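Next comes protein_28.cif, a file with mmCIF, C-alpha atoms (C1' of nucleotides).
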data_coords
#
loop_
_atom_site.label_atom_id
_atom_site.label_comp_id
_atom_site.auth_asym_id
_atom_site.auth_seq_id
_atom_site.Cartn_x
_atom_site.Cartn_y
_atom_site.Cartn_z
CA MET A 1 0.00 0.00 0.00
CA LYS A 2 1.08 3.55 -0.64
CA PRO A 3 2.41 5.94 2.00
CA ASP A 4 -0.07 8.06 3.91
CA GLY A 5 1.01 11.52 3.02
CA GLN A 6 1.95 13.14 6.27
CA ALA A 7 0.18 10.69 8.54
CA LEU A 8 3.35 8.91 9.59
CA LYS A 9 5.07 12.08 10.75
CA GLY A 10 6.30 11.66 14.24
CA HIS A 11 5.40 7.99 14.41
CA LEU A 12 8.01 6.44 12.16
CA ASP A 13 10.66 6.25 14.87
CA LEU A 14 8.28 4.28 17.03
CA LEU A 15 7.68 1.80 14.23
CA LEU A 16 11.39 1.37 13.59
CA LEU A 17 12.15 0.88 17.26
CA ALA A 18 9.28 -1.59 17.58
CA ALA A 19 10.58 -3.53 14.58
CA LEU A 20 13.92 -3.88 16.33
CA ALA A 21 12.43 -4.72 19.71
CA ASP A 22 12.93 -8.46 19.53
CA GLY A 23 16.39 -8.46 18.07
CA PRO A 24 18.72 -6.95 15.47
CA ARG A 25 17.58 -6.52 11.90
CA HIS A 26 19.11 -4.97 8.83
CA GLY A 27 17.30 -2.15 7.07
CA TYR A 28 15.62 -4.19 4.43
CA ALA A 29 14.38 -6.68 7.01
CA VAL A 30 12.92 -3.79 9.01
CA LYS A 31 11.09 -2.67 5.92
CA GLU A 32 9.70 -6.17 5.37
CA ALA A 33 8.78 -6.55 9.03
CA LEU A 34 6.77 -3.34 8.95
CA ARG A 35 5.03 -4.34 5.77
CA GLU A 36 4.08 -7.75 7.09
CA GLY A 37 3.36 -6.60 10.61
CA SER A 38 0.90 -4.03 9.34
CA GLY A 39 -0.86 -6.31 6.91
CA GLY A 40 0.62 -4.49 3.96
CA ARG A 41 -0.44 -1.07 5.24
CA PHE A 42 3.07 0.28 5.75
CA ASP A 43 5.02 -0.57 2.64
CA LEU A 44 7.50 2.22 3.09
CA PRO A 45 9.95 3.23 0.38
CA THR A 46 13.61 2.68 1.10
CA GLY A 47 14.08 6.42 0.86
CA THR A 48 12.01 6.60 4.02
CA ILE A 49 13.55 3.67 5.89
CA TYR A 50 17.27 4.17 5.40
CA PRO A 51 17.55 7.85 6.25
CA ALA A 52 15.30 7.31 9.25
CA LEU A 53 17.49 4.48 10.55
CA ARG A 54 20.51 6.73 10.15
CA ARG A 55 18.68 9.44 11.98
CA ILE A 56 17.83 7.32 14.99
CA GLU A 57 21.32 5.89 14.91
CA SER A 58 22.87 9.32 15.20
CA ALA A 59 20.39 9.97 17.99
CA GLY A 60 21.89 7.02 19.84
CA LEU A 61 18.74 4.92 19.82
CA VAL A 62 20.23 2.13 17.72
CA THR A 63 23.71 1.02 16.70
CA GLY A 64 24.51 -0.24 13.25
CA THR A 65 27.23 -2.65 12.16
CA TRP A 66 28.29 -3.65 8.67
CA SER A 67 28.53 -7.20 7.48
CA THR A 68 28.55 -8.96 4.14
CA VAL A 69 26.28 -11.88 3.37
CA ASP A 70 26.40 -13.51 -0.08
CA GLY A 71 28.24 -10.53 -1.46
CA ARG A 72 25.50 -8.19 -0.23
CA ARG A 73 26.40 -5.43 2.17
CA ARG A 74 24.22 -5.35 5.20
CA ARG A 75 23.97 -2.85 7.96
CA THR A 76 22.42 -4.49 10.97
CA TYR A 77 20.81 -2.33 13.62
CA ARG A 78 20.12 -3.16 17.23
CA LEU A 79 18.45 -1.19 19.98
CA THR A 80 20.59 0.56 22.55
CA ALA A 81 19.48 0.96 26.14
CA ALA A 82 18.37 4.46 25.27
CA GLY A 83 16.49 3.10 22.29
CA ARG A 84 14.63 0.65 24.45
CA ARG A 85 13.71 3.38 26.89
CA ARG A 86 12.55 5.53 24.01
CA LEU A 87 10.50 2.66 22.65
CA HIS A 88 8.63 2.32 25.93
CA ALA A 89 8.11 6.06 26.22
CA ASP A 90 6.96 6.41 22.63
CA ARG A 91 4.63 3.46 23.00
CA ASP A 92 2.99 5.12 25.98
CA ALA A 93 2.80 8.40 24.09
CA TRP A 94 1.22 6.62 21.14
CA ARG A 95 -1.46 5.06 23.32
CA GLU A 96 -2.30 8.43 24.80
CA PHE A 97 -2.27 10.11 21.41
CA ALA A 98 -4.46 7.48 19.81
CA MET A 99 -6.93 7.62 22.69
CA ALA A 100 -7.15 11.40 22.41
CA ILE A 101 -7.76 11.37 18.67
CA THR A 102 -10.25 8.54 18.97
CA SER A 103 -12.17 10.25 21.73
CA ILE A 104 -12.66 13.25 19.49
CA VAL A 105 -13.34 11.42 16.29
CA GLU A 106 -15.45 8.51 17.46
CA ARG A 107 -18.34 10.25 19.01
CA GLY A 108 -21.80 11.24 18.09
CA PRO A 109 -22.70 14.90 18.03
CA TRP A 110 -20.75 16.87 20.55
CA PRO A 111 -22.39 17.85 23.80
CA ALA A 112 -23.78 21.33 23.38
CA THR A 113 -21.22 24.06 23.96
CA THR A 114 -21.96 24.59 27.63
CA MET B 1 -0.70 20.24 27.28
CA LYS B 2 1.98 21.10 24.80
CA PRO B 3 1.88 20.22 21.11
CA ASP B 4 3.24 16.83 20.09
CA GLY B 5 6.05 17.77 17.83
CA GLN B 6 5.23 16.18 14.54
CA ALA B 7 2.72 13.67 15.81
CA LEU B 8 -0.28 15.64 14.64
CA LYS B 9 0.94 15.93 11.08
CA GLY B 10 -1.68 14.66 8.74
CA HIS B 11 -4.31 14.27 11.44
CA LEU B 12 -5.15 17.88 12.19
CA ASP B 13 -7.69 18.19 9.40
CA LEU B 14 -9.56 15.20 10.77
CA LEU B 15 -9.73 16.81 14.20
CA LEU B 16 -11.00 20.08 12.79
CA LEU B 17 -13.63 18.36 10.69
CA ALA B 18 -14.69 16.24 13.66
CA ALA B 19 -15.00 19.35 15.81
CA LEU B 20 -17.39 20.80 13.26
CA ALA B 21 -19.35 17.59 12.78
CA ASP B 22 -22.28 18.48 15.00
CA GLY B 23 -22.69 22.06 13.88
CA PRO B 24 -20.97 25.32 13.06
CA ARG B 25 -18.32 26.69 15.36
CA HIS B 26 -16.02 29.66 15.22
CA GLY B 27 -12.28 29.15 15.34
CA TYR B 28 -11.79 29.77 19.00
CA ALA B 29 -14.64 27.41 19.86
CA VAL B 30 -13.01 24.73 17.72
CA LYS B 31 -9.82 25.21 19.69
CA GLU B 32 -11.71 24.87 22.98
CA ALA B 33 -13.67 21.86 21.75
CA LEU B 34 -10.46 20.05 20.83
CA ARG B 35 -8.89 20.88 24.17
CA GLU B 36 -11.88 19.67 26.15
CA GLY B 37 -12.67 16.75 23.89
CA SER B 38 -9.14 15.42 24.29
CA GLY B 39 -8.96 15.87 28.04
CA GLY B 40 -6.49 18.71 27.66
CA ARG B 41 -4.21 16.73 25.38
CA PHE B 42 -4.68 18.91 22.31
CA ASP B 43 -4.33 22.49 23.46
CA LEU B 44 -3.31 23.81 20.09
CA PRO B 45 -1.94 27.30 19.57
CA THR B 46 -4.05 29.69 17.53
CA GLY B 47 -1.24 29.82 15.01
CA THR B 48 -2.06 26.21 14.31
CA ILE B 49 -5.85 26.45 14.34
CA TYR B 50 -6.54 29.54 12.26
CA PRO B 51 -4.28 28.84 9.30
CA ALA B 52 -5.50 25.25 9.23
CA LEU B 53 -9.13 26.36 9.12
CA ARG B 54 -8.27 28.68 6.25
CA ARG B 55 -6.53 25.84 4.53
CA ILE B 56 -9.47 23.46 4.72
CA GLU B 57 -11.75 26.31 3.76
CA SER B 58 -9.81 26.96 0.58
CA ALA B 59 -9.93 23.20 0.01
CA GLY B 60 -13.71 23.45 0.05
CA LEU B 61 -14.22 21.30 3.13
CA VAL B 62 -15.75 24.07 5.22
CA THR B 63 -17.25 27.48 4.57
CA GLY B 64 -16.67 30.46 6.82
CA THR B 65 -18.89 33.44 7.46
CA TRP B 66 -18.19 36.59 9.43
CA SER B 67 -20.36 37.86 12.22
CA THR B 68 -19.92 40.20 15.15
CA VAL B 69 -20.92 39.27 18.68
CA ASP B 70 -20.38 41.76 21.51
CA GLY B 71 -18.05 43.73 19.33
CA ARG B 72 -15.91 40.65 18.70
CA ARG B 73 -15.38 39.51 15.14
CA ARG B 74 -16.16 35.88 14.64
CA ARG B 75 -15.64 33.67 11.67
CA THR B 76 -17.97 30.74 11.91
CA TYR B 77 -17.17 27.60 9.99
CA ARG B 78 -19.51 24.85 8.90
CA LEU B 79 -18.90 21.60 7.06
CA THR B 80 -19.66 21.42 3.38
CA ALA B 81 -20.91 18.23 1.77
CA ALA B 82 -17.37 17.58 0.62
CA GLY B 83 -16.15 18.20 4.16
CA ARG B 84 -18.54 15.65 5.55
CA ARG B 85 -17.44 13.12 2.98
CA ARG B 86 -13.84 13.83 3.84
CA LEU B 87 -14.61 13.47 7.52
CA HIS B 88 -16.00 9.99 6.97
CA ALA B 89 -13.11 9.00 4.74
CA ASP B 90 -10.51 10.37 7.11
CA ARG B 91 -12.17 8.69 10.06
CA ASP B 92 -11.96 5.36 8.29
CA ALA B 93 -8.37 6.05 7.35
CA TRP B 94 -7.59 6.93 10.96
CA ARG B 95 -9.07 3.68 12.23
CA GLU B 96 -7.01 1.71 9.75
CA PHE B 97 -3.88 3.68 10.51
CA ALA B 98 -4.28 3.33 14.27
CA MET B 99 -4.91 -0.39 13.96
CA ALA B 100 -1.80 -0.82 11.84
CA ILE B 101 0.43 1.07 14.24
CA THR B 102 -1.03 -0.68 17.22
CA SER B 103 -0.59 -4.11 15.69
CA ILE B 104 3.09 -3.40 15.24
CA VAL B 105 3.69 -1.69 18.53
CA GLU B 106 1.56 -3.73 20.89
CA ARG B 107 3.05 -7.13 20.48
CA GLY B 108 5.53 -9.28 22.20
CA PRO B 109 8.66 -10.29 20.36
CA TRP B 110 8.11 -10.63 16.68
CA PRO B 111 7.63 -14.05 15.18
CA ALA B 112 11.00 -15.21 13.96
CA THR B 113 11.87 -14.05 10.48
CA THR B 114 10.59 -17.08 8.62
"C1'" DT C 1 23.42 -14.11 -23.20
"C1'" DT C 2 20.66 -10.78 -21.67
"C1'" DC C 3 17.29 -9.04 -18.94
"C1'" DC C 4 14.46 -8.57 -14.94
"C1'" DG C 5 12.97 -8.98 -10.20
"C1'" DA C 6 14.23 -9.33 -5.56
"C1'" DT C 7 17.55 -8.12 -2.28
"C1'" DA C 8 20.42 -4.37 -0.10
"C1'" DG C 9 22.08 0.02 0.41
"C1'" DC C 10 22.38 5.16 -0.41
"C1'" DT C 11 21.51 10.56 -1.43
"C1'" DA C 12 19.46 15.10 -3.09
"C1'" DG C 13 15.82 17.90 -3.16
"C1'" DG C 14 11.04 19.16 -2.68
"C1'" DT C 15 6.86 19.69 -0.16
"C1'" DT C 16 3.85 19.75 3.28
"C1'" DT C 17 2.40 21.53 7.58
"C1'" DG C 18 2.41 22.40 12.28
"C1'" DC C 19 4.75 25.53 15.49
"C1'" DT C 20 6.98 29.82 17.27
"C1'" DA C 21 6.60 34.47 17.72
"C1'" DC C 22 4.40 38.25 16.99
"C1'" DC C 23 0.54 41.45 16.05
"C1'" DT C 24 -4.56 44.01 16.55
"C1'" DG C 25 -8.59 44.57 19.20
"C1'" DT C 26 -12.74 44.04 22.79
"C1'" DT C 27 -14.65 42.99 27.30
"C1'" DA C 28 -14.47 42.15 32.11
"C1'" DA C 29 -12.12 41.66 36.33
"C1'" DC C 30 -8.76 43.24 39.70
"C1'" DG D 1 -4.61 51.17 34.95
"C1'" DT D 2 -3.45 46.74 34.15
"C1'" DT D 3 -4.17 42.04 33.36
"C1'" DA D 4 -6.65 37.93 31.62
"C1'" DA D 5 -9.75 35.84 28.56
"C1'" DC D 6 -11.73 36.09 24.20
"C1'" DA D 7 -11.21 36.37 18.96
"C1'" DG D 8 -8.79 36.93 14.99
"C1'" DG D 9 -4.58 37.10 12.19
"C1'" DT D 10 0.45 36.71 9.70
"C1'" DA D 11 5.46 35.54 8.59
"C1'" DG D 12 8.77 32.39 8.54
"C1'" DC D 13 11.07 28.40 10.45
"C1'" DA D 14 12.07 23.52 10.74
"C1'" DA D 15 11.14 18.71 10.83
"C1'" DA D 16 10.94 14.82 8.23
"C1'" DC D 17 8.72 11.95 4.99
"C1'" DC D 18 8.42 11.18 0.04
"C1'" DT D 19 9.89 11.19 -4.84
"C1'" DA D 20 13.25 10.12 -7.90
"C1'" DG D 21 17.28 8.40 -8.87
"C1'" DC D 22 21.58 5.89 -8.21
"C1'" DT D 23 24.96 1.44 -7.36
"C1'" DA D 24 25.42 -3.41 -6.83
"C1'" DT D 25 24.68 -8.79 -6.25
"C1'" DC D 26 22.20 -13.00 -7.29
"C1'" DG D 27 18.96 -16.21 -9.47
"C1'" DG D 28 15.86 -17.33 -12.87
"C1'" DA D 29 13.46 -16.39 -17.11
"C1'" DA D 30 13.54 -15.33 -22.00
#

Since I need it in another form, could you write the structure as structure tokens?
Amino acid sequence: MKPDGQALKGHLDLLLLAALADGPRHGYAVKEALREGSGGRFDLPTGTIYPALRRIESAGLVTGTWSTVDGRRRRTYRLTAAGRRRLHADRDAWREFAMAITSIVERGPWPATT
Amino acid sequence: MKPDGQALKGHLDLLLLAALADGPRHGYAVKEALREGSGGRFDLPTGTIYPALRRIESAGLVTGTWSTVDGRRRRTYRLTAAGRRRLHADRDAWREFAMAITSIVERGPWPATT
DNA sequence: TTCCGATAGCTAGGTTTGCTACCTGTTAAC
DNA sequence: GTTAACAGGTAGCAAACCTAGCTATCGGAA
């Protein structure tokens, strides 16, 4: 499926961190994990994934190491302690955010402006 | 509460449309409705609200009319037919989006990369 | 042999869009 | 007289995701 315009803004880091939560993955595997984990909803272009991984790497949330498998260069990322903390914090923030949006959007007519 | 960085990107229009779903409101009332409807979570600055209302107005999703109450200028916005359609579409898109994020974020360790 | 798709990585530049900071003005409270 | 709440607005910044394009390997199809 195609990207959502701006909808992902501010939530991509959470997705990347979540995709690395159970162990190291290289960039392409992160991309596949997000696609499969979302039922095809988040089929993000590599131009979104790779710069974002670099970004959170330089923020100290993940560390990346190079390796070569079958002649293909791979950069494998793993969560740092800070990344894991950020994952938990962002997950909480997401829950709060989603609840707030939902509470506004999923309601019948508003109570009269008291 | 303070703004969420980039988290709102792409979802603000939905909130504005939802705030106007049960009847016309002027800009300031929209701001208050979002603050109250979100339990204080979305206390958006006027510099966010007013330009965004203008934006969705020029997109044909709402229409605005001037009036004066107690010497205060008010611009009251109401949904157009297109705005109501967009509201429904965006609400569906939000549900899908939230489900997709949640399904990635709210899980134990990923199934092994098969 | 050549080509293509999947895998794997990368960058440059554009665009959108919310936020910061600032402004005008009225009414009511202190 | 000053402040707070109400009501509207603009200019310009900055984040960051997306588009478009690039290199390169490997396996299978044509």

Could I get the residues of region 30-75 of chain A with an atom no further than 8 Å from an atom of region 7-22 of chain C, each paired with its nearest atom pair and that distance in Å to one decimal, using only C-alpha atoms (C1' of nucleotides), sorted by chain and residue number, as a Markdown table?
| residue | atom | partner | partner_atom | distance |
| --- | --- | --- | --- | --- |
| A:Tyr50 | CA | C:DC10 | C1' | 7.8 |
| A:Arg72 | CA | C:DA8 | C1' | 6.4 |
| A:Arg73 | CA | C:DA8 | C1' | 6.5 |
| A:Arg74 | CA | C:DA8 | C1' | 6.6 |

>> Could you list, as a PyMOL selection string, every residue matched by the PyMOL selection byres ((chain B) within 9 of (chain A)) in this structure?
In response: chain B and resi 4-11+14-15+17-23+29+33-34+37-39+41-42+91+94-113

Residue subset to file, keeping C-alpha atoms, as a compact mmCIF listing (two decimals), keeping the file's coordinate frame:
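Saved file selection37.txt follows:
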# COMPACT_ATOMS: atom_id res chain seq x y z
CA ASP B 4 3.24 16.83 20.09
CA GLY B 5 6.05 17.77 17.83
CA GLN B 6 5.23 16.18 14.54
CA ALA B 7 2.72 13.67 15.81
CA LEU B 8 -0.28 15.64 14.64
CA LYS B 9 0.94 15.93 11.08
CA GLY B 10 -1.68 14.66 8.74
CA HIS B 11 -4.31 14.27 11.44
CA LEU B 14 -9.56 15.20 10.77
CA LEU B 15 -9.73 16.81 14.20
CA LEU B 17 -13.63 18.36 10.69
CA ALA B 18 -14.69 16.24 13.66
CA ALA B 19 -15.00 19.35 15.81
CA LEU B 20 -17.39 20.80 13.26
CA ALA B 21 -19.35 17.59 12.78
CA ASP B 22 -22.28 18.48 15.00
CA GLY B 23 -22.69 22.06 13.88
CA ALA B 29 -14.64 27.41 19.86
CA ALA B 33 -13.67 21.86 21.75
CA LEU B 34 -10.46 20.05 20.83
CA GLY B 37 -12.67 16.75 23.89
CA SER B 38 -9.14 15.42 24.29
CA GLY B 39 -8.96 15.87 28.04
CA ARG B 41 -4.21 16.73 25.38
CA PHE B 42 -4.68 18.91 22.31
CA ARG B 91 -12.17 8.69 10.06
CA TRP B 94 -7.59 6.93 10.96
CA ARG B 95 -9.07 3.68 12.23
CA GLU B 96 -7.01 1.71 9.75
CA PHE B 97 -3.88 3.68 10.51
CA ALA B 98 -4.28 3.33 14.27
CA MET B 99 -4.91 -0.39 13.96
CA ALA B 100 -1.80 -0.82 11.84
CA ILE B 101 0.43 1.07 14.24
CA THR B 102 -1.03 -0.68 17.22
CA SER B 103 -0.59 -4.11 15.69
CA ILE B 104 3.09 -3.40 15.24
CA VAL B 105 3.69 -1.69 18.53
CA GLU B 106 1.56 -3.73 20.89
CA ARG B 107 3.05 -7.13 20.48
CA GLY B 108 5.53 -9.28 22.20
CA PRO B 109 8.66 -10.29 20.36
CA TRP B 110 8.11 -10.63 16.68
CA PRO B 111 7.63 -14.05 15.18
CA ALA B 112 11.00 -15.21 13.96
CA THR B 113 11.87 -14.05 10.48

>> Restricting the calculation to all atoms listed in the file: of A:Gly83, A:Gly47, A:Pro24, A:Gly64, which residue gets closest to chain D?
In response: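 The closest residue to chain D is A:Gly47.
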
> So how far away is CA of Val30 (chain A) from CA of Val62 (chain A), in Å?
Replying inline: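 Interatomic distance, CA of Val62 (chain A) to CA of Val30 (chain A): 12.8 Å.
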
>> So the first atom is C1' of DA7 (chain D) and the second is CA of Tyr28 (chain B); what is the distance between them in Å, to one decimal place?
In response: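 Between these atoms lies a distance of 6.6 Å.
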
> Any chance you could work out the residue set of the PyMOL selection byres ((chain D and resi 8) around 12) here, as a PyMOL selection string?
Replying inline: (chain B and resi 26-28+46-47+49-51+66-68+72-76) or (chain C and resi 23-26) or (chain D and resi 6-7+9-10)

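Residues matched by the PyMOL selection byres ((chain C and resi 5) around 12) in this file are C:DC3, C:DC4, C:DA6, C:DT7, D:DC26, D:DG27, D:DG28, D:DA29.
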
Box centre and edge lengths (Å, one decimal), axis-aligned, region 15-28 of chain C plus 6 Å each side, as AutoDock Vina command-line options:
--center_x -3.8 --center_y 32.1 --center_z 16.0 --size_x 33.6 --size_y 36.9 --size_z 44.3

> For chain D against chain A, which residues fall within 12 Å using only C-alpha atoms (C1' of nucleotides), given as a list of chain:residue names?
Replying inline: D:DA15, D:DA16, D:DC17, D:DC18, D:DT19, D:DA20, D:DG21, D:DC22, D:DT23, D:DA24, D:DT25, D:DC26

>> Please compute the CA of Val69 (chain A)-CA of Arg55 (chain A) distance, one decimal, in Å.
In response: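 If I compute the distance from CA of Val69 (chain A) to CA of Arg55 (chain A), I get 24.2 Å.
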
> Given the choices A:Glu57, A:Leu79, A:Asp43, A:Lys31, which gets closest to chain C if the distance is worked out from all atoms listed in the file?
Replying inline: A:Lys31
